[in-house]
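One file, input-v8.pdb, carrying PDB, C-alpha atoms and all ligand atoms:
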```pdb
ATOM      1  CA  MET A   1      85.426  95.738 115.513  1.00  0.00           C
ATOM      2  CA  ARG A   2      88.438  98.040 115.209  1.00  0.00           C
ATOM      3  CA  LEU A   3      89.463  99.278 111.813  1.00  0.00           C
ATOM      4  CA  PRO A   4      93.087  98.685 110.861  1.00  0.00           C
ATOM      5  CA  LYS A   5      95.332 101.640 111.747  1.00  0.00           C
ATOM      6  CA  VAL A   6      96.030 102.318 108.071  1.00  0.00           C
ATOM      7  CA  TRP A   7      92.307 102.834 107.420  1.00  0.00           C
ATOM      8  CA  ARG A   8      91.791 105.005 110.495  1.00  0.00           C
ATOM      9  CA  GLU A   9      94.573 107.297 109.265  1.00  0.00           C
ATOM     10  CA  ILE A  10      92.942 107.903 105.869  1.00  0.00           C
ATOM     11  CA  PRO A  11      91.036 111.097 106.862  1.00  0.00           C
ATOM     12  CA  GLN A  12      94.223 112.530 108.384  1.00  0.00           C
ATOM     13  CA  LYS A  13      96.187 111.668 105.265  1.00  0.00           C
ATOM     14  CA  TYR A  14      93.514 112.991 102.935  1.00  0.00           C
ATOM     15  CA  ARG A  15      93.469 116.360 104.719  1.00  0.00           C
ATOM     16  CA  LEU A  16      97.281 116.462 104.577  1.00  0.00           C
ATOM     17  CA  GLU A  17      97.168 117.010 108.321  1.00  0.00           C
ATOM     18  CA  GLY A  18     100.675 117.530 109.620  1.00  0.00           C
ATOM     19  CA  ALA A  19     102.080 119.572 112.460  1.00  0.00           C
ATOM     20  CA  ILE A  20     103.724 122.902 113.213  1.00  0.00           C
ATOM     21  CA  CYS A  21     106.199 123.266 116.067  1.00  0.00           C
ATOM     22  CA  LYS A  22     105.234 125.959 118.599  1.00  0.00           C
ATOM     23  CA  ASN A  23     108.904 126.338 119.562  1.00  0.00           C
ATOM     24  CA  CYS A  24     110.671 126.766 116.181  1.00  0.00           C
ATOM     25  CA  ASN A  25     107.727 127.098 113.738  1.00  0.00           C
ATOM     26  CA  PHE A  26     108.962 124.135 111.636  1.00  0.00           C
ATOM     27  CA  SER A  27     106.127 122.437 109.725  1.00  0.00           C
ATOM     28  CA  PHE A  28     106.093 118.814 108.647  1.00  0.00           C
ATOM     29  CA  PHE A  29     103.973 116.010 107.221  1.00  0.00           C
ATOM     30  CA  PRO A  30     103.161 113.352 108.283  1.00  0.00           C
ATOM     31  CA  PRO A  31     102.681 114.433 111.909  1.00  0.00           C
ATOM     32  CA  ARG A  32     105.025 113.141 114.626  1.00  0.00           C
ATOM     33  CA  THR A  33     105.069 113.480 118.379  1.00  0.00           C
ATOM     34  CA  VAL A  34     108.451 115.262 118.371  1.00  0.00           C
ATOM     35  CA  CYS A  35     109.609 118.147 116.154  1.00  0.00           C
ATOM     36  CA  PRO A  36     112.301 116.774 113.793  1.00  0.00           C
ATOM     37  CA  ASN A  37     113.961 120.211 113.752  1.00  0.00           C
ATOM     38  CA  CYS A  38     114.339 121.052 117.475  1.00  0.00           C
ATOM     39  CA  GLY A  39     113.017 118.068 119.460  1.00  0.00           C
ATOM     40  CA  SER A  40     110.130 119.975 121.054  1.00  0.00           C
ATOM     41  CA  ARG A  41     106.881 118.167 121.876  1.00  0.00           C
ATOM     42  CA  GLU A  42     104.912 121.431 121.773  1.00  0.00           C
ATOM     43  CA  LEU A  43     103.146 120.903 118.436  1.00  0.00           C
ATOM     44  CA  HIS A  44      99.800 121.755 116.973  1.00  0.00           C
ATOM     45  CA  SER A  45      98.103 120.022 114.055  1.00  0.00           C
ATOM     46  CA  GLN A  46      97.746 121.817 110.767  1.00  0.00           C
ATOM     47  CA  SER A  47      96.106 120.924 107.472  1.00  0.00           C
ATOM     48  CA  PHE A  48      98.379 121.863 104.593  1.00  0.00           C
ATOM     49  CA  SER A  49      97.566 122.934 101.058  1.00  0.00           C
ATOM     50  CA  HIS A  50      96.860 120.157  98.562  1.00  0.00           C
ATOM     51  CA  ARG A  51      98.754 122.061  95.897  1.00  0.00           C
ATOM     52  CA  GLY A  52     102.424 122.647  95.363  1.00  0.00           C
ATOM     53  CA  LYS A  53     105.306 122.219  92.953  1.00  0.00           C
ATOM     54  CA  VAL A  54     107.976 119.628  92.304  1.00  0.00           C
ATOM     55  CA  LEU A  55     111.343 120.629  93.810  1.00  0.00           C
ATOM     56  CA  SER A  56     113.162 117.433  92.860  1.00  0.00           C
ATOM     57  CA  TYR A  57     112.276 113.934  91.695  1.00  0.00           C
ATOM     58  CA  THR A  58     113.604 110.508  90.857  1.00  0.00           C
ATOM     59  CA  ASN A  59     112.311 107.350  89.226  1.00  0.00           C
ATOM     60  CA  ILE A  60     112.470 104.367  91.598  1.00  0.00           C
ATOM     61  CA  LYS A  61     113.546 101.285  89.656  1.00  0.00           C
ATOM     62  CA  LYS A  62     114.801  99.067  92.508  1.00  0.00           C
ATOM     63  CA  PRO A  63     112.435  99.567  95.468  1.00  0.00           C
ATOM     64  CA  SER A  64     112.178  97.569  98.673  1.00  0.00           C
ATOM     65  CA  SER A  65     110.543  94.144  98.364  1.00  0.00           C
ATOM     66  CA  ASP A  66     107.115  95.568  99.415  1.00  0.00           C
ATOM     67  CA  PHE A  67     107.012  97.720  96.267  1.00  0.00           C
ATOM     68  CA  GLU A  68     108.834  95.567  93.692  1.00  0.00           C
ATOM     69  CA  THR A  69     105.647  94.859  91.736  1.00  0.00           C
ATOM     70  CA  TYR A  70     104.952  98.595  91.345  1.00  0.00           C
ATOM     71  CA  ALA A  71     108.367  99.619  89.970  1.00  0.00           C
ATOM     72  CA  PRO A  72     109.313 101.761  88.236  1.00  0.00           C
ATOM     73  CA  TYR A  73     107.476 104.673  89.850  1.00  0.00           C
ATOM     74  CA  PRO A  74     108.343 108.351  90.321  1.00  0.00           C
ATOM     75  CA  VAL A  75     108.908 109.919  93.750  1.00  0.00           C
ATOM     76  CA  ALA A  76     109.193 113.665  94.267  1.00  0.00           C
ATOM     77  CA  LEU A  77     110.057 116.251  96.870  1.00  0.00           C
ATOM     78  CA  VAL A  78     107.053 118.586  96.686  1.00  0.00           C
ATOM     79  CA  GLU A  79     106.922 122.080  98.162  1.00  0.00           C
ATOM     80  CA  LEU A  80     103.333 122.762  99.218  1.00  0.00           C
ATOM     81  CA  LEU A  81     101.845 126.250  99.027  1.00  0.00           C
ATOM     82  CA  GLY A  82     102.934 127.744 102.341  1.00  0.00           C
ATOM     83  CA  GLY A  83     106.389 126.180 102.238  1.00  0.00           C
ATOM     84  CA  THR A  84     106.073 122.715 103.810  1.00  0.00           C
ATOM     85  CA  ASN A  85     107.973 120.005 101.934  1.00  0.00           C
ATOM     86  CA  VAL A  86     106.718 116.437 101.543  1.00  0.00           C
ATOM     87  CA  ILE A  87     108.154 113.384  99.803  1.00  0.00           C
ATOM     88  CA  CYS A  88     105.488 111.480  97.862  1.00  0.00           C
ATOM     89  CA  GLN A  89     104.909 109.311  94.854  1.00  0.00           C
ATOM     90  CA  LEU A  90     103.748 111.023  91.688  1.00  0.00           C
ATOM     91  CA  THR A  91     100.826 109.559  89.755  1.00  0.00           C
ATOM     92  CA  ASP A  92      98.877 110.095  86.519  1.00  0.00           C
ATOM     93  CA  CYS A  93     102.005 111.056  84.575  1.00  0.00           C
ATOM     94  CA  ASP A  94     104.893 109.415  82.805  1.00  0.00           C
ATOM     95  CA  ALA A  95     108.379 109.790  84.212  1.00  0.00           C
ATOM     96  CA  ASP A  96     109.522 111.778  81.156  1.00  0.00           C
ATOM     97  CA  GLU A  97     106.727 114.363  81.688  1.00  0.00           C
ATOM     98  CA  ILE A  98     107.969 115.381  85.142  1.00  0.00           C
ATOM     99  CA  PHE A  99     110.042 118.536  85.550  1.00  0.00           C
ATOM    100  CA  ILE A 100     111.323 120.785  88.305  1.00  0.00           C
ATOM    101  CA  GLY A 101     108.673 123.377  89.132  1.00  0.00           C
ATOM    102  CA  MET A 102     105.781 121.260  87.799  1.00  0.00           C
ATOM    103  CA  PRO A 103     102.557 122.283  89.578  1.00  0.00           C
ATOM    104  CA  VAL A 104     100.933 119.304  91.321  1.00  0.00           C
ATOM    105  CA  GLU A 105      97.951 118.505  93.523  1.00  0.00           C
ATOM    106  CA  ALA A 106      97.392 115.821  96.143  1.00  0.00           C
ATOM    107  CA  VAL A 107      95.072 112.876  95.541  1.00  0.00           C
ATOM    108  CA  LEU A 108      94.368 109.807  97.657  1.00  0.00           C
ATOM    109  CA  ARG A 109      95.436 106.685  95.815  1.00  0.00           C
ATOM    110  CA  ARG A 110      96.105 103.016  96.380  1.00  0.00           C
ATOM    111  CA  LEU A 111      99.668 102.555  97.604  1.00  0.00           C
ATOM    112  CA  LYS A 112      99.992  98.774  97.908  1.00  0.00           C
ATOM    113  CA  GLU A 113      98.187  95.610  98.921  1.00  0.00           C
ATOM    114  CA  ASP A 114      99.016  93.133 101.623  1.00  0.00           C
ATOM    115  CA  GLY A 115      98.257  89.857  99.892  1.00  0.00           C
ATOM    116  CA  GLU A 116      97.906  87.635 102.980  1.00  0.00           C
ATOM    117  CA  ALA A 117      95.867  90.024 105.123  1.00  0.00           C
ATOM    118  CA  GLY A 118      93.975  91.454 102.169  1.00  0.00           C
ATOM    119  CA  ILE A 119      94.543  94.997 103.393  1.00  0.00           C
ATOM    120  CA  VAL A 120      94.741  97.749 100.790  1.00  0.00           C
ATOM    121  CA  TYR A 121      96.954 100.664 101.815  1.00  0.00           C
ATOM    122  CA  TYR A 122      96.157 104.159 100.613  1.00  0.00           C
ATOM    123  CA  ALA A 123      98.352 107.225 100.612  1.00  0.00           C
ATOM    124  CA  ILE A 124      98.549 110.737  99.310  1.00  0.00           C
ATOM    125  CA  LYS A 125     100.179 110.937  95.900  1.00  0.00           C
ATOM    126  CA  PHE A 126     100.621 113.998  93.719  1.00  0.00           C
ATOM    127  CA  ARG A 127      99.478 114.360  90.129  1.00  0.00           C
ATOM    128  CA  PRO A 128     100.133 117.132  87.624  1.00  0.00           C
ATOM    129  CA  LEU A 129      97.766 120.025  88.321  1.00  0.00           C
ATOM    130  CA  ILE A 130      97.234 120.569  84.605  1.00  0.00           C
ATOM    131  CA  ARG A 131      98.079 118.505  81.582  1.00  0.00           C
ATOM    132  CA  THR A 132     101.814 118.760  81.113  1.00  0.00           C
ATOM    133  CA  GLU A 133     101.611 119.154  77.335  1.00  0.00           C
ATOM    134  CA  PHE A 134     100.241 122.672  77.943  1.00  0.00           C
ATOM    135  CA  LEU A 135     103.232 123.709  80.032  1.00  0.00           C
ATOM    136  CA  THR A 136     106.561 124.993  78.782  1.00  0.00           C
ATOM    137  CA  LYS A 137     109.304 122.815  80.226  1.00  0.00           C
ATOM    138  CA  LYS A 138     112.085 125.110  81.443  1.00  0.00           C
TER
HETATM  139 ZN    ZN B   1     110.703 122.650 116.517  1.00  0.00          ZN
END
```
I need this file expressed as structure tokens, please.
Ligand SMILES: [Zn+2]
Amino acid sequence: MRLPKVWREIPQKYRLEGAICKNCNFSFFPPRTVCPNCGSRELHSQSFSHRGKVLSYTNIKKPSSDFETYAPYPVALVELLGGTNVICQLTDCDADEIFIGMPVEAVLRRLKEDGEAGIVYYAIKFRPLIRTEFLTKK
């Protein structure tokens, strides 16, 4: 029996395994077969840091139909330690607690369910690295 693709990808997602281009040194997550910066196929896999900071964020109130039941939810552009940027949902915090520069860490969390097939999808989300009430919002 073959596991669904989404389940087979969990270890890769949990390790934040992306790629670095051998041609232009651009790093990205999730991995692709072609560098989105220069088009090269000369890539090597790389596990990125699970920690970073929020560069920008928004609160999704009108998502696609797949995610309507989960709205509203925050999505952020996160800069990982080392400089790679990823776009992910934020979790374990209220929208009004989020701020630019907030330190975050990656966790594997339920993303959505497929009701008919009964498949639960998991994905990396980011949560505040420390309780936000201890941070000075600037
Ligand atoms: Zn490249």
**OP:** Name the residues that the PyMOL selection byres (((chain A and resi 30) around 9) and not hetatm) picks from the file above, as a PyMOL selection string, using the file's chain letters and numbers.
**Re:** chain A and resi 12-13+16-19+28-29+31-32+86
Original post:
Using all atoms listed in the file, which protein or nucleic acid residues are at most 12 Å from ligand ZN 1 (chain B), as a ChimeraX atom specification?
Top reply: /A:19-28,32-44
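You can rank A:Lys125, A:Ala95, A:Arg110, A:Gly83 by their closest distance to A:Lys61 using all atoms listed in the file, and at the top of that list sits A:Ala95.
On the file presented, the PyMOL selection byres (((chain A and resi 104) around 10) and not hetatm) picks out A:His50, A:Arg51, A:Gly52, A:Lys53, A:Val54, A:Val78, A:Glu79, A:Leu80, A:Leu90, A:Thr91, A:Gly101, A:Met102, A:Pro103, A:Glu105, A:Ala106, A:Val107, A:Lys125, A:Phe126, A:Arg127, A:Pro128, A:Leu129, A:Ile130.
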Grab all the atoms of stretch 104-121 of chain A that the file lists, wrap them in a box along x, y and z, add 8 Å per side, and give me centre plus edge lengths in Å (one decimal) as JSON.
```
{"center_x": 97.5, "center_y": 103.5, "center_z": 98.2, "size_x": 23.0, "size_y": 47.7, "size_z": 29.8}
```
